[in-house]
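Trainee: Supplied structure: protein_10.tsv, TSV, C-alpha atoms.
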```
chain	number	residue	atom	x	y	z
A	321	MET	CA	2.51	2.35	-29.35
A	322	PRO	CA	-0.75	2.39	-27.32
A	323	SER	CA	0.98	0.99	-24.25
A	324	TYR	CA	3.50	3.84	-24.25
A	325	MET	CA	1.35	6.78	-25.40
A	326	GLN	CA	-1.52	6.25	-22.96
A	327	LYS	CA	-3.47	9.33	-21.88
A	328	VAL	CA	-5.65	9.66	-18.77
A	329	PHE	CA	-8.14	12.55	-18.79
A	330	GLY	CA	-6.15	14.01	-21.68
A	331	LYS	CA	-2.81	13.77	-19.88
A	332	ARG	CA	-0.07	11.43	-21.04
A	333	MET	CA	1.05	9.08	-18.28
A	334	ILE	CA	4.55	7.76	-17.71
A	335	VAL	CA	4.03	5.56	-14.67
A	336	ASN	CA	2.26	2.45	-15.95
A	337	GLU	CA	3.39	1.51	-19.43
A	338	ASP	CA	3.92	-2.13	-18.40
A	339	ARG	CA	0.50	-2.44	-16.76
A	340	HIS	CA	-1.16	-0.78	-19.74
A	341	LEU	CA	0.68	-3.15	-22.07
A	342	THR	CA	-0.93	-6.05	-20.18
A	343	THR	CA	-4.37	-4.43	-20.51
A	344	ASN	CA	-3.86	-3.91	-24.25
A	345	LEU	CA	-2.98	-7.57	-24.65
A	346	LEU	CA	-6.10	-8.65	-22.75
A	347	VAL	CA	-8.54	-6.48	-24.73
A	348	ARG	CA	-7.02	-7.84	-27.96
A	349	GLY	CA	-7.73	-11.42	-26.96
A	350	TRP	CA	-4.32	-12.46	-25.68
A	351	GLY	CA	-3.87	-14.38	-22.45
A	352	VAL	CA	-1.69	-13.17	-19.59
A	353	VAL	CA	-0.31	-15.81	-17.22
A	354	PHE	CA	0.89	-15.10	-13.69
A	355	ALA	CA	4.02	-17.17	-13.08
A	356	SER	CA	4.85	-16.96	-9.38
A	357	ASP	CA	8.13	-18.89	-9.68
A	358	VAL	CA	9.70	-16.61	-12.28
A	359	LEU	CA	12.59	-14.51	-10.97
A	360	THR	CA	12.69	-10.90	-12.16
A	361	ALA	CA	15.13	-8.05	-11.65
A	362	THR	CA	13.62	-4.84	-10.32
A	363	GLU	CA	14.60	-1.92	-8.15
A	364	THR	CA	14.56	-2.88	-4.47
A	365	PRO	CA	14.24	0.17	-2.20
A	366	THR	CA	16.58	0.29	0.77
A	367	THR	CA	14.71	2.89	2.86
A	368	VAL	CA	11.13	3.38	4.03
A	369	THR	CA	10.79	6.54	1.94
A	370	ARG	CA	11.95	4.90	-1.28
A	371	TRP	CA	9.74	1.88	-0.62
A	372	LEU	CA	6.69	4.12	-0.09
A	373	ARG	CA	7.39	6.00	-3.30
A	374	GLN	CA	7.66	2.73	-5.19
A	375	GLN	CA	4.33	1.54	-3.76
A	376	VAL	CA	2.71	4.84	-4.76
A	377	HIS	CA	4.12	4.47	-8.27
A	378	TRP	CA	2.74	0.95	-8.65
A	379	ALA	CA	-0.60	1.78	-7.02
A	380	ARG	CA	-1.29	4.59	-9.50
A	381	ALA	CA	-0.84	2.17	-12.37
A	382	THR	CA	-3.12	-0.36	-10.68
A	383	HIS	CA	-5.88	2.21	-10.11
A	384	ILE	CA	-5.75	3.49	-13.69
A	385	GLU	CA	-5.94	0.04	-15.23
A	386	SER	CA	-8.57	-1.24	-12.78
A	387	LEU	CA	-10.97	1.71	-12.88
A	388	LEU	CA	-10.64	3.40	-16.25
A	389	ILE	CA	-10.73	0.41	-18.62
A	390	PRO	CA	-13.73	-1.65	-17.41
A	391	ARG	CA	-14.30	-3.45	-20.72
A	392	VAL	CA	-11.41	-5.78	-19.91
A	393	TYR	CA	-13.58	-7.47	-17.25
A	394	ALA	CA	-16.20	-8.46	-19.83
A	395	MET	CA	-13.46	-10.36	-21.70
A	396	SER	CA	-11.89	-12.03	-18.66
A	397	HIS	CA	-12.79	-14.65	-16.08
A	398	PRO	CA	-15.20	-13.38	-13.37
A	399	MET	CA	-12.44	-13.91	-10.81
A	400	ALA	CA	-10.53	-11.05	-12.44
A	401	PHE	CA	-13.39	-8.67	-11.63
A	402	PHE	CA	-13.72	-10.09	-8.11
A	403	ALA	CA	-10.00	-9.63	-7.47
A	404	ALA	CA	-10.09	-6.06	-8.81
A	405	ALA	CA	-13.16	-5.16	-6.73
A	406	ARG	CA	-11.57	-6.63	-3.62
A	407	ARG	CA	-8.34	-4.76	-4.33
A	408	GLU	CA	-10.15	-1.45	-4.85
A	409	PHE	CA	-12.76	-1.57	-2.07
A	410	GLY	CA	-10.92	-3.56	0.62
A	411	PRO	CA	-8.48	-0.81	1.68
A	412	LEU	CA	-11.29	1.77	1.63
A	413	VAL	CA	-13.37	-0.34	4.03
A	414	VAL	CA	-10.38	-0.75	6.34
A	415	ALA	CA	-9.68	2.99	6.27
A	416	VAL	CA	-13.30	3.84	7.14
A	417	ALA	CA	-13.29	1.28	9.96
A	418	VAL	CA	-10.04	2.67	11.42
A	419	LEU	CA	-11.31	6.27	11.23
A	420	SER	CA	-14.62	5.26	12.81
A	421	TYR	CA	-12.90	3.63	15.78
A	422	PHE	CA	-10.40	6.49	16.04
A	423	LEU	CA	-13.18	9.10	16.26
A	424	THR	CA	-16.01	7.27	18.01
A	425	SER	CA	-14.73	3.95	19.49
A	426	HIS	CA	-17.37	2.24	17.34
A	427	LYS	CA	-16.26	-0.99	15.67
A	428	LEU	CA	-17.46	-1.33	12.08
A	429	LEU	CA	-15.61	-4.58	11.44
A	430	TYR	CA	-15.47	-7.74	13.52
A	431	PHE	CA	-11.90	-8.74	14.28
A	432	SER	CA	-11.07	-12.38	14.92
A	433	TYR	CA	-7.70	-13.35	16.38
A	434	PRO	CA	-8.04	-17.02	15.33
A	435	ASP	CA	-8.76	-15.86	11.78
A	436	LEU	CA	-5.70	-13.55	11.84
A	437	PHE	CA	-3.35	-16.26	13.08
A	438	LEU	CA	-4.80	-18.77	10.61
A	439	ARG	CA	-4.20	-16.35	7.73
A	440	ILE	CA	-0.64	-15.68	8.90
A	441	GLY	CA	0.02	-19.41	9.19
A	442	ILE	CA	-1.37	-20.20	5.73
A	443	THR	CA	0.52	-17.29	4.14
A	444	THR	CA	3.77	-18.32	5.84
A	445	VAL	CA	3.48	-21.95	4.75
A	446	TYR	CA	2.53	-20.94	1.20
A	447	ASN	CA	5.53	-18.62	0.89
A	448	ILE	CA	7.90	-21.26	2.25
A	449	LEU	CA	6.64	-23.87	-0.21
A	450	ARG	CA	6.28	-21.60	-3.24
A	451	ASN	CA	9.30	-19.34	-2.88
A	452	PRO	CA	11.57	-20.12	-5.85
A	453	ASP	CA	14.66	-19.38	-3.75
A	454	ARG	CA	13.65	-22.13	-1.30
A	455	LEU	CA	14.83	-20.10	1.66
A	456	ARG	CA	15.80	-21.78	4.89
A	457	LEU	CA	13.02	-22.25	7.43
A	458	ALA	CA	14.81	-19.89	9.84
A	459	LEU	CA	14.29	-17.01	7.39
A	460	SER	CA	10.56	-17.57	7.01
A	461	TRP	CA	9.81	-15.30	9.98
A	462	TYR	CA	10.27	-12.37	7.59
A	463	VAL	CA	6.84	-13.19	6.16
A	464	VAL	CA	4.99	-12.04	9.30
A	465	PRO	CA	6.50	-8.53	9.68
A	466	GLY	CA	6.30	-8.21	5.91
A	467	MET	CA	2.53	-8.66	6.07
A	468	PHE	CA	2.17	-5.85	8.61
A	469	PHE	CA	4.71	-3.66	6.81
A	470	TYR	CA	2.61	-3.95	3.65
A	471	ASN	CA	-0.96	-3.92	5.00
A	472	ILE	CA	-0.70	-1.08	7.54
A	473	PRO	CA	0.29	1.61	4.96
A	474	LEU	CA	-2.02	0.13	2.30
A	475	PRO	CA	-5.23	2.11	3.09
A	476	ALA	CA	-3.31	5.41	3.14
A	477	ILE	CA	-1.55	4.65	-0.14
A	478	HIS	CA	-4.86	3.56	-1.68
A	479	ILE	CA	-6.75	6.74	-0.76
A	480	TRP	CA	-3.86	9.06	-1.62
A	481	ILE	CA	-3.57	7.55	-5.09
A	482	LEU	CA	-7.30	7.90	-5.73
A	483	VAL	CA	-6.92	11.62	-5.02
A	484	THR	CA	-3.73	12.03	-7.08
A	485	MET	CA	-4.32	9.50	-9.85
A	486	THR	CA	-3.08	11.72	-12.69
A	487	VAL	CA	0.16	12.74	-10.98
A	488	ASP	CA	2.87	11.23	-13.16
A	489	THR	CA	6.04	11.64	-11.10
A	490	TRP	CA	8.20	8.56	-11.28
A	491	GLY	CA	8.65	8.42	-7.50
A	492	THR	CA	11.81	6.46	-6.77
A	493	ALA	CA	15.23	7.50	-8.00
A	494	MET	CA	17.84	5.10	-9.30
A	495	ARG	CA	20.70	4.02	-7.05
A	496	ALA	CA	23.35	6.00	-8.91
A	497	SER	CA	25.17	8.35	-6.55
A	498	THR	CA	24.20	11.36	-8.66
A	499	GLU	CA	20.51	10.45	-8.35
A	500	ILE	CA	20.54	9.58	-4.66
A	501	SER	CA	22.35	12.80	-3.78
A	502	LYS	CA	19.51	14.92	-5.20
A	503	LYS	CA	17.45	16.57	-2.46
A	504	ASP	CA	13.75	17.35	-2.66
A	505	SER	CA	12.17	20.49	-1.24
A	506	ASN	CA	10.07	20.19	1.92
A	507	ARG	CA	6.96	20.69	-0.18
A	508	GLU	CA	7.89	17.78	-2.45
A	509	LYS	CA	8.73	15.60	0.55
A	510	TRP	CA	5.36	16.22	2.17
A	511	PHE	CA	3.54	15.69	-1.11
A	512	GLU	CA	5.27	12.36	-1.73
A	513	THR	CA	5.10	10.82	1.77
A	514	GLY	CA	3.26	13.26	4.05
A	515	PHE	CA	0.06	11.24	3.74
A	516	PHE	CA	1.83	8.35	5.46
A	517	VAL	CA	2.82	10.53	8.43
A	518	ILE	CA	-0.81	11.59	8.88
A	519	TRP	CA	-2.09	8.03	8.51
A	520	MET	CA	0.36	6.59	11.02
A	521	GLY	CA	-0.71	9.28	13.50
A	522	ILE	CA	-4.29	8.05	13.08
A	523	VAL	CA	-3.17	4.43	13.46
A	524	GLY	CA	-1.21	5.32	16.59
A	525	GLY	CA	-4.24	7.08	18.06
A	526	THR	CA	-6.49	4.14	17.16
A	527	VAL	CA	-4.19	1.63	18.85
A	528	ALA	CA	-3.99	3.89	21.91
A	529	ARG	CA	-7.81	4.12	22.07
A	530	TRP	CA	-8.09	0.34	21.81
A	531	LEU	CA	-5.59	-0.14	24.66
A	532	ALA	CA	-7.40	2.46	26.75
A	533	ASN	CA	-10.68	0.63	26.22
A	534	GLU	CA	-9.07	-2.69	27.09
A	535	PHE	CA	-7.80	-1.26	30.39
A	536	ASP	CA	-11.12	0.55	30.97
A	537	LEU	CA	-9.57	4.02	31.33
A	538	CYS	CA	-11.75	7.07	31.89
A	539	GLN	CA	-12.44	9.60	29.12
A	540	GLY	CA	-9.71	12.03	30.19
A	541	GLN	CA	-7.09	9.29	30.47
A	542	THR	CA	-8.14	7.92	27.09
A	543	LEU	CA	-7.67	11.35	25.49
A	544	VAL	CA	-4.18	11.73	26.97
A	545	PHE	CA	-3.32	8.18	25.91
A	546	MET	CA	-4.49	8.89	22.37
A	547	LEU	CA	-2.51	12.13	22.14
A	548	CYS	CA	0.61	10.23	23.20
A	549	GLY	CA	-0.08	7.52	20.62
A	550	ILE	CA	-0.66	10.05	17.85
A	551	SER	CA	2.49	12.00	18.73
A	552	LEU	CA	4.71	8.93	19.04
A	553	ALA	CA	3.53	7.38	15.77
A	554	SER	CA	3.51	10.56	13.67
A	555	VAL	CA	6.86	11.89	14.92
A	556	SER	CA	8.54	8.50	14.43
A	557	THR	CA	7.14	8.25	10.91
A	558	TRP	CA	8.08	11.86	10.15
A	559	LYS	CA	11.69	11.14	11.13
A	560	ALA	CA	11.75	7.92	9.10
A	561	THR	CA	10.33	9.53	5.95
A	562	ILE	CA	10.40	13.33	5.68
A	563	VAL	CA	13.58	13.98	7.69
A	564	SER	CA	15.56	11.06	6.29
A	565	GLN	CA	15.03	12.00	2.63
```
Kindly return the structure encoded in the file as structure tokens.
Mentor:
Amino acid sequence: MPSYMQKVFGKRMIVNEDRHLTTNLLVRGWGVVFASDVLTATETPTTVTRWLRQQVHWARATHIESLLIPRVYAMSHPMAFFAAARREFGPLVVAVAVLSYFLTSHKLLYFSYPDLFLRIGITTVYNILRNPDRLRLALSWYVVPGMFFYNIPLPAIHIWILVTMTVDTWGTAMRASTEISKKDSNREKWFETGFFVIWMGIVGGTVARWLANEFDLCQGQTLVFMLCGISLASVSTWKATIVSQ
């Protein structure tokens, strides 16, 4: 079956058979409908580490199908190409902007608080109205931290997957006690989630630089503030990911 025997650069992949099945259907003239109200059963990670590994697993499949099979865009609505381009280039732009501010204090992107709050409000209302579970209004506050929990790691996951696109490790383990009890070596731990530790250190330093600029601190104070931000963010992330595995 083409969807199961896919090869990327001559290497058989095991991480995206479902995504590749969708691509095969599209290039053969079939339609694929996104049904947001359909409930599905899937593995739900219970720790930060397992969640990161699941995101890495899914992101590899997304990159492969988005970048390596361009003919599907010629057969689809232009919005499909626009969505793919936005998905591929958006996180890269954010990563470059964060690194630029972290290193030079230069802002590459204009940030608007009204725009941010408007987006959060629209997303929250949409999720309340469209969630098939029809959750109580009191539980809708989960949408806001969920947005940050997803979007802050996104640039790091995006770049890491571009570098390691042909790595075909499954990532997450099943919840069976025999699977969960398996321990990875330090090298495997750093390979799977070390990129996130580094990225959060950069994010911590960037936030610290922004606060220092807001309070008009001198260069020496800014440097100390940034070192504290980098240390706090990276050590906290290291404990939550590498140590807790």
Trainee: When you count all atoms listed in the file, which of these residues is closest to A:Tyr393: A:Thr366, A:Thr343, A:Ser432, A:Val418?
Mentor: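 Under the stated criterion, the closest residue is A:Thr343.
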Trainee: Got a sec: who's within 12 Å of A:Val464, counting only C-alpha atoms, leaving out chain neighbours fewer than 5 positions off, as a list in words?
Mentor: Leu436, Phe437, Leu438, Arg439, Ile440, Gly441, Ile442, Thr443, Thr444, Val445, Asn447, Ile448, Leu459, Phe469, Tyr470 and Asn471 of chain A
Trainee: Which is closer to A:Trp530 than all the others in A:Val413, A:Ile518, A:Val352, A:Leu423, using all atoms listed in the file?
Mentor: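 Closest candidate: A:Leu423.
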Trainee: Using all atoms listed in the file, what residues lie at most 8 Å away from (11.5, 6.1, 1.8) (file coordinates), given as JSON, numbers by chain?
Mentor: {"A": [365, 366, 367, 368, 369, 370, 371, 372, 373, 513, 560, 561, 564, 565]}
Trainee: When you count all atoms listed in the file, which of these residues is closest to A:Leu429: A:Leu449, A:Val487, A:Val414, A:Ala403?
Mentor: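 Checking each of A:Leu449, A:Val487, A:Val414, A:Ala403 against A:Leu429, counting all atoms listed in the file, the winner is A:Val414.
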Trainee: Set the distance at 8 Å and use only C-alpha atoms: which residues neighbour A:His478 once local chain neighbours fewer than 6 positions away are removed? I'd like the list as a PyMOL selection string.
Mentor: chain A and resi 379+408+411-412
Trainee: For C-alpha atoms, I'd like the residues from the last selection saved as a CSV table (one decimal), keeping the file's coordinate frame.
Mentor:
```csv
chain,number,residue,atom,x,y,z
A,379,ALA,CA,-0.6,1.8,-7.0
A,408,GLU,CA,-10.2,-1.4,-4.8
A,411,PRO,CA,-8.5,-0.8,1.7
A,412,LEU,CA,-11.3,1.8,1.6
```
Trainee: Mind pulling up the distance from atom CA of A:Ser396 to atom CA of A:Ala381?
Mentor: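 Value for the atom CA of A:Ala381-atom CA of A:Ser396 distance: 19.1 Å.
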Trainee: Could you check the closest approach to A:Val483 for each of A:Ala553, A:Cys548, A:Ile384, A:Ala417 and tell me which residue wins, using all atoms listed in the file?
Mentor: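 Selected residue with least distance to A:Val483: A:Ile384.
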Trainee: Which of these, A:Gly521, A:Phe511, A:Gly349, A:Met333, has the shortest distance to A:Ser556 once you count only C-alpha atoms?
Mentor: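 Among the listed residues, the smallest separation from A:Ser556 belongs to A:Gly521.
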Trainee: Measure the distance from atom CA of A:His383 to atom CA of A:Met520 in Å and round it to one decimal.
Mentor: 22.5 Å
Trainee: Compile the contact shell of A:Val347 as a tab-separated table (two decimals) with C-alpha atoms, in the coordinates of the input: residues with an atom at most 12 Å away, counting all atoms listed in the file, same-chain residues fewer than 3 positions apart removed.
Mentor:
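Okay, part_18.tsv is ready:
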```tsv
chain	number	residue	atom	x	y	z
A	340	HIS	CA	-1.16	-0.78	-19.74
A	341	LEU	CA	0.68	-3.15	-22.07
A	342	THR	CA	-0.93	-6.05	-20.18
A	343	THR	CA	-4.37	-4.43	-20.51
A	344	ASN	CA	-3.86	-3.91	-24.25
A	350	TRP	CA	-4.32	-12.46	-25.68
A	351	GLY	CA	-3.87	-14.38	-22.45
A	352	VAL	CA	-1.69	-13.17	-19.59
A	385	GLU	CA	-5.94	0.04	-15.23
A	389	ILE	CA	-10.73	0.41	-18.62
A	390	PRO	CA	-13.73	-1.65	-17.41
A	391	ARG	CA	-14.30	-3.45	-20.72
A	392	VAL	CA	-11.41	-5.78	-19.91
A	393	TYR	CA	-13.58	-7.47	-17.25
A	394	ALA	CA	-16.20	-8.46	-19.83
A	395	MET	CA	-13.46	-10.36	-21.70
A	396	SER	CA	-11.89	-12.03	-18.66
```
Trainee: Find the residue from A:Asp536, A:Glu363, A:Glu512, A:Asp435 that sits nearest to A:Asp488; use all atoms listed in the file when measuring.
Mentor: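 The answer is A:Glu512, which sits nearest to A:Asp488.
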Trainee: For atom CA of A:His397 and atom CA of A:Val353, quote the distance in Å rounded to one decimal.
Mentor: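 Computing it gives 12.6 Å between the two atoms.
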Trainee: Give the padded box for stretch 533-540 of chain A as JSON: axis-aligned, covering all atoms listed in the file, 4 Å on each side, centre and edge lengths in Å to one decimal.
Mentor:
```
{"center_x": -10.1, "center_y": 4.7, "center_z": 29.1, "size_x": 12.6, "size_y": 22.7, "size_z": 13.7}
```
Trainee: Counting all atoms listed in the file, write as a JSON list (two decimals) with C-alpha atoms, keeping the file's coordinate frame all protein and nucleic acid residues lying at most 7 Å from (-4.5, 7.1, 22.2) in the file's frame.
Mentor:
```
[["chain", "number", "residue", "atom", "x", "y", "z"],
["A", 524, "GLY", "CA", -1.21, 5.32, 16.59],
["A", 525, "GLY", "CA", -4.24, 7.08, 18.06],
["A", 526, "THR", "CA", -6.49, 4.14, 17.16],
["A", 527, "VAL", "CA", -4.19, 1.63, 18.85],
["A", 528, "ALA", "CA", -3.99, 3.89, 21.91],
["A", 529, "ARG", "CA", -7.81, 4.12, 22.07],
["A", 542, "THR", "CA", -8.14, 7.92, 27.09],
["A", 543, "LEU", "CA", -7.67, 11.35, 25.49],
["A", 544, "VAL", "CA", -4.18, 11.73, 26.97],
["A", 545, "PHE", "CA", -3.32, 8.18, 25.91],
["A", 546, "MET", "CA", -4.49, 8.89, 22.37],
["A", 547, "LEU", "CA", -2.51, 12.13, 22.14],
["A", 548, "CYS", "CA", 0.61, 10.23, 23.20],
["A", 549, "GLY", "CA", -0.08, 7.52, 20.62],
["A", 550, "ILE", "CA", -0.66, 10.05, 17.85]]
```
